[in-house]
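Just start_11.pdb here, PDB, C-alpha atoms:
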```
ATOM      1  CA  ALA A   1       2.776  -0.413 -15.950  1.00  0.00           C
ATOM      2  CA  ILE A   2       3.136   1.381 -19.293  1.00  0.00           C
ATOM      3  CA  GLU A   3      -0.562   2.343 -19.400  1.00  0.00           C
ATOM      4  CA  ARG A   4      -0.206   3.936 -15.946  1.00  0.00           C
ATOM      5  CA  LEU A   5       2.736   6.130 -16.980  1.00  0.00           C
ATOM      6  CA  PRO A   6       0.628   9.039 -18.327  1.00  0.00           C
ATOM      7  CA  THR A   7      -1.010   9.333 -14.897  1.00  0.00           C
ATOM      8  CA  LEU A   8       2.350   9.614 -13.152  1.00  0.00           C
ATOM      9  CA  ILE A   9       4.428  11.774 -15.514  1.00  0.00           C
ATOM     10  CA  PRO A  10       2.639  15.086 -14.738  1.00  0.00           C
ATOM     11  CA  LEU A  11       3.488  14.664 -11.047  1.00  0.00           C
ATOM     12  CA  ASN A  12       7.221  14.968 -11.781  1.00  0.00           C
ATOM     13  CA  LEU A  13       8.088  13.321  -8.469  1.00  0.00           C
ATOM     14  CA  ASN A  14      10.939  11.024  -9.435  1.00  0.00           C
ATOM     15  CA  ASN A  15      13.720  13.443  -8.456  1.00  0.00           C
ATOM     16  CA  THR A  16      12.367  14.527  -5.069  1.00  0.00           C
ATOM     17  CA  PHE A  17      12.530  12.709  -1.773  1.00  0.00           C
ATOM     18  CA  ASN A  18       9.064  13.027  -0.340  1.00  0.00           C
ATOM     19  CA  ARG A  19       6.302  10.673   0.689  1.00  0.00           C
ATOM     20  CA  MET A  20       4.671  10.367  -2.741  1.00  0.00           C
ATOM     21  CA  SER A  21       7.882   9.961  -4.712  1.00  0.00           C
ATOM     22  CA  ASN A  22       9.043   7.303  -2.242  1.00  0.00           C
ATOM     23  CA  VAL A  23       5.699   5.523  -2.654  1.00  0.00           C
ATOM     24  CA  LEU A  24       5.925   5.677  -6.435  1.00  0.00           C
ATOM     25  CA  ARG A  25       9.513   4.378  -6.395  1.00  0.00           C
ATOM     26  CA  LEU A  26       8.488   1.455  -4.182  1.00  0.00           C
ATOM     27  CA  TYR A  27       5.538   0.689  -6.450  1.00  0.00           C
ATOM     28  CA  ASP A  28       7.806   0.857  -9.514  1.00  0.00           C
ATOM     29  CA  LEU A  29      10.314  -1.493  -7.877  1.00  0.00           C
ATOM     30  CA  GLY A  30       7.491  -3.928  -7.158  1.00  0.00           C
ATOM     31  CA  GLN A  31       6.463  -3.763 -10.822  1.00  0.00           C
ATOM     32  CA  SER A  32       9.979  -4.321 -12.133  1.00  0.00           C
ATOM     33  CA  THR A  33      11.274  -7.118  -9.920  1.00  0.00           C
ATOM     34  CA  GLN A  34      10.977 -10.761 -10.891  1.00  0.00           C
ATOM     35  CA  GLN A  35      11.104 -11.814  -7.232  1.00  0.00           C
ATOM     36  CA  PRO A  36       7.584 -12.141  -5.755  1.00  0.00           C
ATOM     37  CA  ASP A  37       8.806 -11.749  -2.166  1.00  0.00           C
ATOM     38  CA  LEU A  38      10.532  -8.449  -2.989  1.00  0.00           C
ATOM     39  CA  ALA A  39       7.504  -7.283  -4.992  1.00  0.00           C
ATOM     40  CA  LEU A  40       5.222  -7.871  -2.007  1.00  0.00           C
ATOM     41  CA  LEU A  41       7.646  -6.034   0.294  1.00  0.00           C
ATOM     42  CA  CYS A  42       7.628  -3.076  -2.102  1.00  0.00           C
ATOM     43  CA  TYR A  43       3.848  -2.901  -2.509  1.00  0.00           C
ATOM     44  CA  VAL A  44       3.043  -3.176   1.172  1.00  0.00           C
ATOM     45  CA  SER A  45       5.827  -0.720   2.013  1.00  0.00           C
ATOM     46  CA  ALA A  46       4.247   1.686  -0.501  1.00  0.00           C
ATOM     47  CA  LEU A  47       0.927   1.321   1.325  1.00  0.00           C
ATOM     48  CA  GLU A  48       2.688   1.848   4.643  1.00  0.00           C
ATOM     49  CA  GLY A  49       4.343   4.972   3.244  1.00  0.00           C
ATOM     50  CA  LEU A  50       0.974   6.377   2.205  1.00  0.00           C
ATOM     51  CA  PHE A  51      -1.052   5.548   5.275  1.00  0.00           C
ATOM     52  CA  SER A  52       1.245   5.202   8.276  1.00  0.00           C
ATOM     53  CA  ILE A  53       1.539   8.017  10.801  1.00  0.00           C
ATOM     54  CA  SER A  54       2.229   5.923  13.877  1.00  0.00           C
ATOM     55  CA  THR A  55       4.142   2.756  14.686  1.00  0.00           C
ATOM     56  CA  ALA A  56       1.658   1.728  17.402  1.00  0.00           C
ATOM     57  CA  GLU A  57      -0.560  -1.137  16.274  1.00  0.00           C
ATOM     58  CA  LEU A  58       0.729  -0.559  12.760  1.00  0.00           C
ATOM     59  CA  SER A  59      -0.954  -3.412  10.903  1.00  0.00           C
ATOM     60  CA  PHE A  60      -4.354  -2.643  12.448  1.00  0.00           C
ATOM     61  CA  ARG A  61      -4.158   1.120  11.799  1.00  0.00           C
ATOM     62  CA  LEU A  62      -2.787   0.639   8.308  1.00  0.00           C
ATOM     63  CA  SER A  63      -5.486  -1.881   7.387  1.00  0.00           C
ATOM     64  CA  LEU A  64      -8.275   0.241   8.860  1.00  0.00           C
ATOM     65  CA  THR A  65      -7.134   3.467   7.215  1.00  0.00           C
ATOM     66  CA  ILE A  66      -6.722   1.881   3.787  1.00  0.00           C
ATOM     67  CA  ALA A  67     -10.120   0.174   4.041  1.00  0.00           C
ATOM     68  CA  LYS A  68     -11.849   3.446   4.944  1.00  0.00           C
ATOM     69  CA  PHE A  69      -9.904   5.374   2.277  1.00  0.00           C
ATOM     70  CA  LEU A  70     -10.844   2.973  -0.523  1.00  0.00           C
ATOM     71  CA  GLU A  71     -14.345   1.845   0.365  1.00  0.00           C
ATOM     72  CA  LYS A  72     -17.611   3.454   1.486  1.00  0.00           C
ATOM     73  CA  SER A  73     -19.693   0.575   2.804  1.00  0.00           C
ATOM     74  CA  PRO A  74     -18.805  -1.206   6.060  1.00  0.00           C
ATOM     75  CA  VAL A  75     -19.006  -4.594   4.318  1.00  0.00           C
ATOM     76  CA  SER A  76     -16.527  -3.538   1.605  1.00  0.00           C
ATOM     77  CA  GLN A  77     -14.317  -1.873   4.222  1.00  0.00           C
ATOM     78  CA  LYS A  78     -14.182  -5.111   6.230  1.00  0.00           C
ATOM     79  CA  ILE A  79     -13.131  -7.095   3.141  1.00  0.00           C
ATOM     80  CA  VAL A  80     -10.315  -4.654   2.328  1.00  0.00           C
ATOM     81  CA  PHE A  81      -9.318  -4.467   6.022  1.00  0.00           C
ATOM     82  CA  ASP A  82      -8.929  -8.264   6.192  1.00  0.00           C
ATOM     83  CA  GLU A  83      -7.015  -8.414   2.895  1.00  0.00           C
ATOM     84  CA  VAL A  84      -4.582  -5.660   3.847  1.00  0.00           C
ATOM     85  CA  ARG A  85      -4.063  -7.120   7.315  1.00  0.00           C
ATOM     86  CA  ASP A  86      -3.288 -10.497   5.734  1.00  0.00           C
ATOM     87  CA  LEU A  87      -0.875  -8.872   3.265  1.00  0.00           C
ATOM     88  CA  TYR A  88       0.864  -7.107   6.127  1.00  0.00           C
ATOM     89  CA  VAL A  89       1.245 -10.420   7.992  1.00  0.00           C
ATOM     90  CA  VAL A  90       2.895 -11.966   4.910  1.00  0.00           C
ATOM     91  CA  ARG A  91       5.085  -8.880   4.457  1.00  0.00           C
ATOM     92  CA  SER A  92       6.209  -9.078   8.094  1.00  0.00           C
ATOM     93  CA  LYS A  93       7.064 -12.753   7.735  1.00  0.00           C
ATOM     94  CA  LEU A  94       9.108 -12.006   4.615  1.00  0.00           C
ATOM     95  CA  SER A  95      10.848  -9.056   6.270  1.00  0.00           C
ATOM     96  CA  HIS A  96      11.816 -11.078   9.308  1.00  0.00           C
ATOM     97  CA  GLY A  97      12.740 -14.267   7.480  1.00  0.00           C
ATOM     98  CA  ASP A  98       9.819 -16.327   8.788  1.00  0.00           C
ATOM     99  CA  LYS A  99       8.099 -18.979   6.688  1.00  0.00           C
ATOM    100  CA  ILE A 100       4.830 -18.015   5.042  1.00  0.00           C
ATOM    101  CA  CYS A 101       3.742 -21.642   5.221  1.00  0.00           C
ATOM    102  CA  ALA A 102       5.494 -24.942   5.861  1.00  0.00           C
ATOM    103  CA  ASP A 103       5.686 -25.957   2.197  1.00  0.00           C
ATOM    104  CA  GLU A 104       8.037 -23.703   0.201  1.00  0.00           C
ATOM    105  CA  GLU A 105       6.363 -24.479  -3.110  1.00  0.00           C
ATOM    106  CA  ARG A 106       2.954 -23.600  -1.664  1.00  0.00           C
ATOM    107  CA  ALA A 107       4.407 -20.369  -0.273  1.00  0.00           C
ATOM    108  CA  ALA A 108       5.813 -19.429  -3.688  1.00  0.00           C
ATOM    109  CA  ILE A 109       2.469 -20.137  -5.356  1.00  0.00           C
ATOM    110  CA  GLN A 110       0.605 -18.108  -2.720  1.00  0.00           C
ATOM    111  CA  LEU A 111       2.956 -15.170  -3.259  1.00  0.00           C
ATOM    112  CA  ALA A 112       2.898 -15.292  -7.055  1.00  0.00           C
ATOM    113  CA  GLU A 113      -0.784 -15.994  -7.565  1.00  0.00           C
ATOM    114  CA  HIS A 114      -2.447 -14.177  -4.688  1.00  0.00           C
ATOM    115  CA  SER A 115      -0.423 -11.943  -2.376  1.00  0.00           C
ATOM    116  CA  VAL A 116       1.679 -10.032  -4.918  1.00  0.00           C
ATOM    117  CA  PRO A 117      -1.135  -9.319  -7.408  1.00  0.00           C
ATOM    118  CA  ARG A 118      -3.490  -8.278  -4.598  1.00  0.00           C
ATOM    119  CA  ALA A 119      -0.869  -6.037  -2.966  1.00  0.00           C
ATOM    120  CA  ALA A 120      -0.119  -4.439  -6.346  1.00  0.00           C
ATOM    121  CA  GLU A 121      -3.820  -3.830  -6.957  1.00  0.00           C
ATOM    122  CA  VAL A 122      -4.449  -2.273  -3.532  1.00  0.00           C
ATOM    123  CA  ALA A 123      -1.314  -0.120  -3.788  1.00  0.00           C
ATOM    124  CA  TRP A 124      -2.309   1.124  -7.249  1.00  0.00           C
ATOM    125  CA  ARG A 125      -5.891   1.842  -6.161  1.00  0.00           C
ATOM    126  CA  CYS A 126      -4.552   3.944  -3.276  1.00  0.00           C
ATOM    127  CA  ILE A 127      -2.017   5.794  -5.431  1.00  0.00           C
ATOM    128  CA  GLY A 128      -4.675   6.396  -8.074  1.00  0.00           C
ATOM    129  CA  LYS A 129      -7.143   7.773  -5.558  1.00  0.00           C
ATOM    130  CA  VAL A 130      -4.512  10.096  -4.046  1.00  0.00           C
ATOM    131  CA  ILE A 131      -3.797  11.443  -7.533  1.00  0.00           C
ATOM    132  CA  GLU A 132      -7.462  11.544  -8.605  1.00  0.00           C
ATOM    133  CA  LYS A 133      -8.494  13.461  -5.475  1.00  0.00           C
ATOM    134  CA  ASN A 134      -5.530  15.846  -5.891  1.00  0.00           C
ATOM    135  CA  LEU A 135      -4.084  14.856  -2.500  1.00  0.00           C
ATOM    136  CA  VAL A 136      -0.378  14.663  -3.389  1.00  0.00           C
ATOM    137  CA  ALA A 137       0.464  17.895  -1.530  1.00  0.00           C
ATOM    138  CA  THR A 138      -1.590  16.764   1.468  1.00  0.00           C
ATOM    139  CA  PHE A 139       0.273  13.450   1.605  1.00  0.00           C
ATOM    140  CA  ASN A 140       3.634  15.232   1.314  1.00  0.00           C
ATOM    141  CA  GLU A 141       3.048  17.632   4.233  1.00  0.00           C
ATOM    142  CA  LYS A 142       3.263  15.821   7.558  1.00  0.00           C
ATOM    143  CA  PRO A 143       0.719  17.850   9.604  1.00  0.00           C
ATOM    144  CA  LYS A 144      -1.846  17.842   6.772  1.00  0.00           C
ATOM    145  CA  HIS A 145      -1.202  14.149   6.153  1.00  0.00           C
ATOM    146  CA  GLU A 146      -1.754  13.229   9.800  1.00  0.00           C
ATOM    147  CA  SER A 147      -4.932  15.304  10.018  1.00  0.00           C
ATOM    148  CA  PHE A 148      -6.253  13.820   6.786  1.00  0.00           C
ATOM    149  CA  LEU A 149      -5.649  10.226   7.910  1.00  0.00           C
ATOM    150  CA  GLU A 150      -7.165  10.848  11.330  1.00  0.00           C
ATOM    151  CA  ALA A 151     -10.238  12.303   9.628  1.00  0.00           C
ATOM    152  CA  ILE A 152     -10.555   9.128   7.560  1.00  0.00           C
ATOM    153  CA  ILE A 153     -10.570   6.985  10.686  1.00  0.00           C
ATOM    154  CA  PHE A 154     -12.598   9.198  12.998  1.00  0.00           C
ATOM    155  CA  GLY A 155     -14.804  10.976  10.485  1.00  0.00           C
TER
END
```
Spit out the file's structure as C-alpha cells when you get a sec.
Amino acid sequence: AIERLPTLIPLNLNNTFNRMSNVLRLYDLGQSTQQPDLALLCYVSALEGLFSISTAELSFRLSLTIAKFLEKSPVSQKIVFDEVRDLYVVRSKLSHGDKICADEERAAIQLAEHSVPRAAEVAWRCIGKVIEKNLVATFNEKPKHESFLEAIIFG
C-alpha cells in the first residue's frame, strides 16, 4: 500500500464525499483490515462503486463492465468477467451471512489465498486505470459516469 501512496496523494480526495473518494476509502479499508471477509467486502464494494449505475442484474453488469474496462481481447474479457462474477457471488454470500462452502476452514483458506488477493488486484487495476486515464472527474459526475460506462458496454 505504501508504494501506491504517491499515486493517490495528488488526487486529494480523502476529505470529500464523492464516488472516487468513497472507492479509495473502501480500498484502503480492505488493505488495512486483518479480516479477509471484510477485506473482500471492501474491495468488491469499491468495484461496485466505480462501475455500478443500475441495480438491475448487478453482478452481470458489474462483471461485464469491469471486464471491458480492463481488457481488450474477448478471451481476456471473459476471464475477468468470470473472476469478477465469482468474487461478487462470494461477496454476496458474506454480506448475507451465507456459507461460502460447507467447510469453514476451506472457506477461510479460499478467502485468504484466492478471493481477497484477487479482489484487491482487480480493484487496484481499476482504480489505477481511472487515475491513469484521467477519469476521476468523469467518475465523480453522475451523467458523465453513466454515459462513459454505457459506452464501455455498447461501444
Next item on the list: Give the answer as one residue: which of A:Gln35, A:Ser21, A:Ser59, A:Ser115 has the shortest atom-to-atom distance to Ile100 (chain A), using all atoms listed in the file?
Entry: A:Ser115
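Candidate residues A:Leu40, A:Ile127, A:Ala102, A:Val89 were compared for distance to Asn22 (chain A), and the nearest is A:Ile127, using only C-alpha atoms.
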Note to self: I need the output of the PyMOL selection byres ((chain A and resi 42) around 8) for this file as a count of residues only; which residues are they?
What the structure shows: 12
Check: Expanded to explicit residues, what is the PyMOL selection byres ((chain A and resi 66-70) around 8) for this file, as a PyMOL selection string?
Finding: chain A and resi 51+62-65+71-72+76-81+84+125-126+129+152-153
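One distance worth recording is that between CA of Met20 (chain A) and CA of Pro143 (chain A), which is 15.0 Å.
A straight line drawn from CA of Ala107 (chain A) to CA of Leu24 (chain A) is 26.8 Å long.
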Notebook entry, point to check: Which one is closest to Leu94 (chain A): A:Gln31, A:Arg118, A:Leu111, A:Asp82? Count only C-alpha atoms.
Noted result: A:Leu111
Item checked: Selection dump of the PyMOL selection byres ((chain A and resi 145) around 10), as JSON, numbers by chain -> {"A": [19, 50, 51, 52, 53, 135, 136, 137, 138, 139, 140, 141, 142, 143, 144, 146, 147, 148, 149, 150, 151]}
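Taking CA of His114 (chain A) and CA of Asn18 (chain A) as the two end points, the separation is 29.9 Å.
You can rank A:Val116, A:Leu87, A:Val130, A:Val122 by their closest distance to Pro36 (chain A) using all atoms listed in the file, and at the top of that list sits A:Val116.
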Around region 115-129 of chain A, fit a box with edges along x, y and z, padding it by 5 Å on each side, then list its centre and edge lengths in Å to one decimal as JSON.
```
{"center_x": -2.7, "center_y": -2.1, "center_z": -5.2, "size_x": 18.8, "size_y": 29.7, "size_z": 15.7}
```
Notebook entry, point to check: Quick one: of A:Val23, A:Ala123, A:Ile109, A:Leu58, who's nearest to Ser92 (chain A), counting all atoms listed in the file?
Noted result: A:Leu58
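For the residues A:Asp37, A:Gly155, A:Asp28, A:Glu83, ranking by smallest atom-to-atom distance to Lys99 (chain A) using all atoms listed in the file places A:Asp37 first.
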